[in-house]
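Below is one structure, written out as structure tokens; comments come after it.
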Amino acid sequence: MNKQISYISNEQIDNAFWAVKNKRNATKKQIQAYFRELKFFTNSAFSFVDTHNEDLFNKNAKVLLEIVQMWQGLRLKTEQQNQFLGDMFEYFLDNSIKQSNGQFFTPLPICKFIVASLPLAEKIKTTLEPLTAIDYACGSGHFLTEYAHQIEPLIKAQKHNLNAYYSNITGIEKEDRLAKVAKVAAYMYGQEQIKILDADALANHPQIPLASFDVLVANPPFAVEGFLQTLNDSDKIHYRLIKATGDTRNTNTIQCFFLERIHHLMAPGGVVGVIVPSSILSNSDTVHIRTRELLLQFFDLVSIAELGSGTFGKTGTNTVVLFLRRKIKRPEPAEHYHNRVKDFFEGDDQAAVYQDRHLIKAYCHHIEVPYDEYKKLFAQTNIEPLADLLQCDIFKDYQQDFAQSTKTRNLKKSNVFKKKTKAEQQAELDRRFIAYLHEIEQDKLYHFILAHEQTGKVLIVNAPSANKQQKQFLGYEWSGAKRGEGIRYNSGETVNDIITPLFDPKNLDNSEKINTAIKHNFIGETINPLPGHCRYAHLVEMLDFSRKDFNKAISLHPQRNIDIETKWELVKLGDIIETIESGNRPRGGVGNVSNGALSLGGEHIHSTNGRINLDSPKYVPFDFYQNSQKGLLKENDILLCKDGALTGKIALLRKELTNQESMINEHVFLLRSVPLKKQKYIFHFLFSKYGKYLLKQNITGSAQGGINLTNLKEIKIPLPPSKVQQQIVDKSETVDKEAEQARQIIAATKQRIETIMQNVPKPKTLDEVVQNITDVINPKKQSGSINFIGLENIEPASGRLVGSIETDFATVKSNKNMFQKGDVLYGKLRPNLNKVYLAQHNGICSTDILVFRLHNPDNAIFYKHYFLSSEFNSAVLKTVSGQQLPRTSWTKIITIPVPPLDIQRKLVAEVAKLDATIVKYQALIDNSTARKNAILNKYL
């Protein structure tokens, strides 16, 4: 650690009394006693018991002795990886250091993934000197030891000096206890050459030369308040972000400053893998905008990988990994293009020298503005030549924004302005408007050029939003079980056993894994086919240049223009909808509120039919409803889920409320417009495939993300004349009525089946008509794909299958039940949901599903409906046990009475005919969306 330790020995005390010789000296003896008490009888690094006196010292010594005896047979220093030390330290500090300083230790699988995604082999081959690597927020050292572990075979393959590479690895950690742990961890793994500095990574340090590092891997802290107060003024001046913080020295945007620090540290061509909150990509405050500008100006964005909310054990914060490469060209492209854009707008005509007019044309093509009109902006002082340009949509928005701005309104109110003639006033407004256009468009053009000129596409990795899929994506989950706290790998005891699409722990060059795709993207190579969850995008597609408030937000759902072939004008939702607002709930939630006004959230919006589902109502107290100013519902309101996993679900509130008071919660937008036909037209468009696409492409944020109010208002949709709107509404409502009639027929048919099931004799028990199949399969011993049915794939009380069931064996983490075509699958977990499915194919299913094989398969449809009946379900529910996870079992239900195998053929045939009726009308319902899309195609 290179720290000087203060130590006073008895000999030094003796020497201090050199002037007193050959005399008994009680003072010296007493001072030595005091020193002994201070030295031994106070807390130290080895205090397991608070030590304040000799008695407590002796108790602590006894504990320390027992600890040493427990460890004395262990070999701590090893070349093999183990996570023992890091796990132990994380557990001890779980509720202290991490909670107070915004630090969250990086799980080893994520460390492995990030390091394995960097082009280390290529860097080692092409760099003459040993690579310099740093983790500037190293914590307990996981990234450092993992990096050292992964470069070892690469260095040996090149026959380079391993110690030289290890000596070039540096970790910085501000928390001294963590710094010690990191140093010990490096020693344990035989990597003692790694340097660990106990220092503030945001401050300059003599052992940290700037612009010198080839590799940076890190998970810096976030949301730490007051961090600037501990930074010296001499260090602050090096940060461009200081200007963005203004007088707010207590800012908590430490993650932004750590990103700027990467700019200070990296050598040209240096590669980076850094974990940051996903808010870095989209927050609209000045500090975050300036941070994104720094990324665009000085780095190539090679890949951005979402990790999801389940990545860290003690925080649900959504995070992303930024894979960056420091730009190589000198002078800096950022400076060159900044100068060129200024030249453009000042009328400089050096295009022949720089040959860069194609960049302006590319920008004009991207924003759909004629180049010949756009170039009239350059060095322009008169408004008349811009007349055609100002007819373009984005420039119309500029005009409106300028006219409504506070500056313009205040100008018009000023006495100086009022004293001018009308012509002088207009000239003043024109002059200011042109200056306004220049400022915005210079900024946009500059950052477009930077994005356009980036080498290669960005590889986007989108994590799944559902909890189960996130665990499969990560390869692990977190356990809070007593005596089993911590990380739990999905396919074994160690990180080398996990199965994840992120990387293959046994082959870090596996071309089917995400890390390999990222690694190849660093060196300009693409992988085809791409692993799941991945896609390429041009950086310019990830920035929205169509907005007047260009905040450089980086979207992980990049816009791709959808071709809406329409004869009608495209208008913004914000211009045609009078009310767009969200609601609220009382602090503390509504879980314990059993009556009052209805509280509707995303879960109440049906996923496919555009209606409200009140099977599981929630409420807010009446007084809360009556005191609320926003989110109060009326018939024909449009409800749009605005964030989370349900983002984009939309419904039209019809007559479901039956005049009951109701409001939406904070996760839903209410859209209200007049007249009614326009309101209904807007709903039918947004519910169509076109509308859903537009909603999806305006989702911002990572992982689950959401649609913010600004983006929603900016969405443009076709607005036909009132007569055409009415035609679309009438035709669409005809389809809806037919679908509703089909639902009623299905409900009546199910009721007829229910009556049959109630009246049929039941002289047999369940075990007499079906066999419980207990065949299991170990997915670890299989390869390829399989039909896998989980409980989530069986729709409650309908017997229908939902979602995709084709699954790669590699993603299935534990033994599963096997079934065959014709078997009946019955959900034993939460049987109140009544999940029953008659298998149409062979496959495997969750062990929370019982597999019934009928002794007489000809009666399969009949028995499927009997198992769906309320009578059978009621009998099963009487066998359920467990409050948290209520379930039944085969042994509990085998004696339930059931119809005999030799059911009358007439009865079996009748049920089969009724089942066919359900299938027929369900197909009509399922086809209604396509029919409504066809209506829009015809009229738009």
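Simple scheme: letters A, B, ... for chains in structure tokens order, numbers from 1 for residues in each chain, numbers from 1 for ligands in the order shown.
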*Do you know which residues are at most 6 Å from range 255-262 of chain A counting only C-alpha atoms, after dropping those on the same chain fewer than 2 positions away, and could you put them as JSON, numbers by chain?*
{"A": [222, 253, 264, 265, 266, 291]}
Just-selected residues, all heavy atoms written as an mmCIF file, in the first residue's frame:
```
data_model
loop_
_atom_site.group_PDB
_atom_site.id
_atom_site.type_symbol
_atom_site.label_atom_id
_atom_site.label_comp_id
_atom_site.auth_asym_id
_atom_site.auth_seq_id
_atom_site.Cartn_x
_atom_site.Cartn_y
_atom_site.Cartn_z
ATOM 1 N N PHE A 222 -22.126 5.742 -7.463
ATOM 2 C CA PHE A 222 -23.090 6.681 -8.025
ATOM 3 C C PHE A 222 -23.959 7.245 -6.913
ATOM 4 O O PHE A 222 -24.082 6.666 -5.841
ATOM 5 C CB PHE A 222 -23.943 6.031 -9.110
ATOM 6 C CG PHE A 222 -24.707 4.813 -8.664
ATOM 7 C CD1 PHE A 222 -25.977 4.926 -8.124
ATOM 8 C CD2 PHE A 222 -24.151 3.552 -8.789
ATOM 9 C CE1 PHE A 222 -26.682 3.813 -7.718
ATOM 10 C CE2 PHE A 222 -24.848 2.428 -8.387
ATOM 11 C CZ PHE A 222 -26.115 2.550 -7.844
ATOM 12 N N THR A 253 -23.968 13.774 -8.613
ATOM 13 C CA THR A 253 -23.718 13.170 -9.926
ATOM 14 C C THR A 253 -22.280 12.667 -10.046
ATOM 15 O O THR A 253 -21.611 12.897 -11.056
ATOM 16 C CB THR A 253 -24.016 14.191 -11.036
ATOM 17 O OG1 THR A 253 -23.263 15.390 -10.772
ATOM 18 C CG2 THR A 253 -25.485 14.518 -11.091
ATOM 19 N N HIS A 264 -9.658 11.803 -18.898
ATOM 20 C CA HIS A 264 -8.342 12.233 -18.416
ATOM 21 C C HIS A 264 -7.321 11.101 -18.491
ATOM 22 O O HIS A 264 -6.144 11.339 -18.774
ATOM 23 C CB HIS A 264 -8.430 12.688 -16.952
ATOM 24 C CG HIS A 264 -9.344 13.844 -16.730
ATOM 25 N ND1 HIS A 264 -9.729 14.258 -15.470
ATOM 26 C CD2 HIS A 264 -9.968 14.701 -17.593
ATOM 27 C CE1 HIS A 264 -10.532 15.292 -15.569
ATOM 28 N NE2 HIS A 264 -10.698 15.580 -16.843
ATOM 29 N N LEU A 265 -7.748 9.875 -18.214
ATOM 30 C CA LEU A 265 -6.818 8.782 -17.966
ATOM 31 C C LEU A 265 -6.417 7.990 -19.210
ATOM 32 O O LEU A 265 -5.312 7.466 -19.271
ATOM 33 C CB LEU A 265 -7.423 7.799 -16.944
ATOM 34 C CG LEU A 265 -7.684 8.347 -15.540
ATOM 35 C CD1 LEU A 265 -8.391 7.295 -14.691
ATOM 36 C CD2 LEU A 265 -6.391 8.791 -14.879
ATOM 37 N N MET A 266 -7.316 7.895 -20.201
ATOM 38 C CA MET A 266 -7.088 6.938 -21.278
ATOM 39 C C MET A 266 -6.136 7.456 -22.345
ATOM 40 O O MET A 266 -6.202 8.608 -22.772
ATOM 41 C CB MET A 266 -8.414 6.546 -21.930
ATOM 42 C CG MET A 266 -9.400 5.882 -20.975
ATOM 43 S SD MET A 266 -8.691 4.500 -20.035
ATOM 44 C CE MET A 266 -8.389 3.330 -21.354
ATOM 45 N N THR A 291 -22.163 15.324 -19.875
ATOM 46 C CA THR A 291 -21.456 14.042 -19.809
ATOM 47 C C THR A 291 -21.596 13.285 -21.131
ATOM 48 O O THR A 291 -20.619 12.737 -21.665
ATOM 49 C CB THR A 291 -22.008 13.180 -18.664
ATOM 50 O OG1 THR A 291 -21.868 13.885 -17.433
ATOM 51 C CG2 THR A 291 -21.269 11.852 -18.568
#
```
List as a tab-separated table every residue of range 532-648 of chain A that is in contact with range 302-323 of chain A, defined as an atom at most 12 Å from one of its atoms (using only C-alpha atoms), together with the nearest atom pair and the distance in Å rounded to one decimal, sorted by chain and then rising number.
```
residue	atom	partner	partner_atom	distance
A:His533	CA	A:Ala305	CA	9.5
A:Cys534	CA	A:Ala305	CA	8.8
A:Arg535	CA	A:Ser303	CA	9.9
A:Tyr536	CA	A:Ser303	CA	8.9
A:Ala537	CA	A:Ser303	CA	9.7
A:His538	CA	A:Val302	CA	10.4
A:Leu539	CA	A:Val302	CA	9.5
A:Met542	CA	A:Ile304	CA	11.1
A:Ile554	CA	A:Ile304	CA	9.9
A:Ser555	CA	A:Ile304	CA	10.1
A:Leu556	CA	A:Ile304	CA	7.9
A:His557	CA	A:Ile304	CA	11.4
A:Gly644	CA	A:Ser309	CA	11.2
A:Ala645	CA	A:Gly308	CA	11.5
```
*Taking the backbone alone, and naming residues the way the document does, which bits of range 645-732 of chain A are strand (DSSP E or B) by DSSP, as a count of residues only?*
16
*Do a neighbour search on Gly601 in chain A at 12 Å with only C-alpha atoms, toss out local chain neighbours closer than 4 positions, and write the hits as a ChimeraX atom specification.*
/A:582-585,590,605-606,612-614,616-620,631,639-644,646-647,649-651,662-670
Emit the selected residues as a short mmCIF file (atom, residue, chain, number, x, y, z; two decimals), in the first residue's frame, including N, CA and C atoms.
```
data_model
loop_
_atom_site.label_atom_id
_atom_site.label_comp_id
_atom_site.auth_asym_id
_atom_site.auth_seq_id
_atom_site.Cartn_x
_atom_site.Cartn_y
_atom_site.Cartn_z
N SER A 582 -50.87 12.10 -15.75
CA SER A 582 -50.82 10.85 -15.00
C SER A 582 -51.42 11.08 -13.61
N GLY A 583 -51.69 10.00 -12.91
CA GLY A 583 -52.30 10.10 -11.60
C GLY A 583 -51.31 9.88 -10.48
N ASN A 584 -51.84 9.39 -9.35
CA ASN A 584 -50.99 9.23 -8.17
C ASN A 584 -51.65 8.24 -7.23
N ARG A 585 -50.91 7.88 -6.20
CA ARG A 585 -51.45 7.04 -5.12
C ARG A 585 -50.97 7.61 -3.80
N VAL A 590 -51.30 1.23 -1.91
CA VAL A 590 -52.73 0.95 -1.70
C VAL A 590 -52.97 -0.52 -1.38
N ILE A 605 -54.78 -2.89 -17.67
CA ILE A 605 -54.94 -2.72 -19.11
C ILE A 605 -54.69 -4.07 -19.77
N HIS A 606 -55.69 -4.61 -20.44
CA HIS A 606 -55.56 -5.93 -21.07
C HIS A 606 -54.47 -5.88 -22.13
N ILE A 612 -60.21 -2.55 -20.39
CA ILE A 612 -59.84 -2.56 -18.98
C ILE A 612 -60.30 -3.86 -18.35
N ASN A 613 -59.44 -4.45 -17.53
CA ASN A 613 -59.75 -5.69 -16.83
C ASN A 613 -59.77 -5.40 -15.33
N LEU A 614 -60.94 -5.55 -14.72
CA LEU A 614 -61.10 -5.23 -13.29
C LEU A 614 -61.27 -6.49 -12.44
N SER A 616 -59.03 -7.90 -10.75
CA SER A 616 -58.26 -7.70 -9.51
C SER A 616 -58.20 -6.19 -9.22
N PRO A 617 -59.29 -5.63 -8.75
CA PRO A 617 -59.34 -4.17 -8.55
C PRO A 617 -58.45 -3.72 -7.39
N LYS A 618 -58.00 -2.49 -7.49
CA LYS A 618 -57.28 -1.83 -6.40
C LYS A 618 -57.96 -0.48 -6.14
N TYR A 619 -57.74 0.05 -4.94
CA TYR A 619 -58.49 1.24 -4.54
C TYR A 619 -57.57 2.26 -3.88
N VAL A 620 -58.04 3.51 -3.92
CA VAL A 620 -57.48 4.58 -3.10
C VAL A 620 -58.61 5.09 -2.21
N GLY A 631 -55.65 12.88 -13.07
CA GLY A 631 -55.80 11.44 -13.19
C GLY A 631 -57.18 10.92 -12.92
N LEU A 639 -56.20 5.17 -21.85
CA LEU A 639 -55.22 4.88 -20.80
C LEU A 639 -53.99 4.25 -21.44
N LEU A 640 -52.82 4.79 -21.13
CA LEU A 640 -51.57 4.33 -21.71
C LEU A 640 -50.57 4.05 -20.61
N CYS A 641 -50.10 2.81 -20.52
CA CYS A 641 -49.07 2.49 -19.52
C CYS A 641 -47.77 3.14 -19.94
N LYS A 642 -47.17 3.93 -19.05
CA LYS A 642 -46.06 4.80 -19.43
C LYS A 642 -44.68 4.33 -19.00
N ASP A 643 -44.58 3.34 -18.13
CA ASP A 643 -43.24 2.89 -17.73
C ASP A 643 -43.29 1.46 -17.22
N GLY A 644 -42.09 0.90 -17.04
CA GLY A 644 -41.99 -0.47 -16.55
C GLY A 644 -42.17 -1.50 -17.65
N LEU A 646 -44.68 -3.04 -18.60
CA LEU A 646 -45.95 -2.98 -19.33
C LEU A 646 -46.04 -1.76 -20.24
N THR A 647 -44.94 -1.04 -20.43
CA THR A 647 -44.95 0.20 -21.21
C THR A 647 -45.57 -0.02 -22.59
N LYS A 649 -48.85 -0.54 -23.28
CA LYS A 649 -50.20 -1.12 -23.27
C LYS A 649 -51.23 0.01 -23.25
N ILE A 650 -52.28 -0.16 -24.03
CA ILE A 650 -53.22 0.94 -24.20
C ILE A 650 -54.64 0.40 -24.22
N ALA A 651 -55.56 1.19 -23.67
CA ALA A 651 -56.96 0.78 -23.61
C ALA A 651 -57.85 2.01 -23.71
N SER A 662 -63.12 6.70 -10.08
CA SER A 662 -61.86 6.00 -10.37
C SER A 662 -60.81 6.99 -10.82
N MET A 663 -59.55 6.59 -10.67
CA MET A 663 -58.42 7.40 -11.11
C MET A 663 -57.28 6.47 -11.48
N ILE A 664 -56.31 7.01 -12.19
CA ILE A 664 -55.15 6.23 -12.57
C ILE A 664 -54.02 6.47 -11.57
N ASN A 665 -53.05 5.54 -11.54
CA ASN A 665 -51.89 5.73 -10.69
C ASN A 665 -50.77 6.41 -11.49
N GLU A 666 -49.60 6.51 -10.88
CA GLU A 666 -48.51 7.28 -11.48
C GLU A 666 -47.83 6.56 -12.64
N HIS A 667 -48.22 5.33 -12.94
CA HIS A 667 -47.60 4.58 -14.04
C HIS A 667 -48.42 4.63 -15.33
N VAL A 668 -49.48 5.42 -15.34
CA VAL A 668 -50.39 5.46 -16.48
C VAL A 668 -50.63 6.91 -16.91
N PHE A 669 -50.66 7.12 -18.24
CA PHE A 669 -51.09 8.40 -18.79
C PHE A 669 -52.58 8.34 -19.13
N LEU A 670 -53.26 9.42 -18.90
CA LEU A 670 -54.64 9.63 -19.35
C LEU A 670 -54.58 10.57 -20.55
#
```
*asked:* With DSSP run on the backbone, what are the alpha helix (DSSP H) residues within range 296-373 of chain A? I'd like them as a ChimeraX atom specification.
replied: /A:296-298,333-345,351-354,357-367,371-373
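Comparing the minimum interatomic distances between Lys913 in chain A and each of A:Ser869, A:Asn933, A:Thr749, A:Leu885, counting only C-alpha atoms, we find that A:Thr749 sits nearest.
For the pair CA of Leu377 in chain A and CA of Trp568 in chain A, the interatomic distance is 29.3 Å.
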*Polymer residues at most 9 Å from range 756-760 of chain A, only C-alpha atoms, same-chain spacing of 3 or more positions, as a PyMOL selection string*: chain A and resi 751-753+865-866+869-871+898-899+903+907+911
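Closest approach to Lys125 in chain A among A:Pro796, A:Val824, A:Thr286, A:Ala157 is made by A:Ala157 (distances from only C-alpha atoms).
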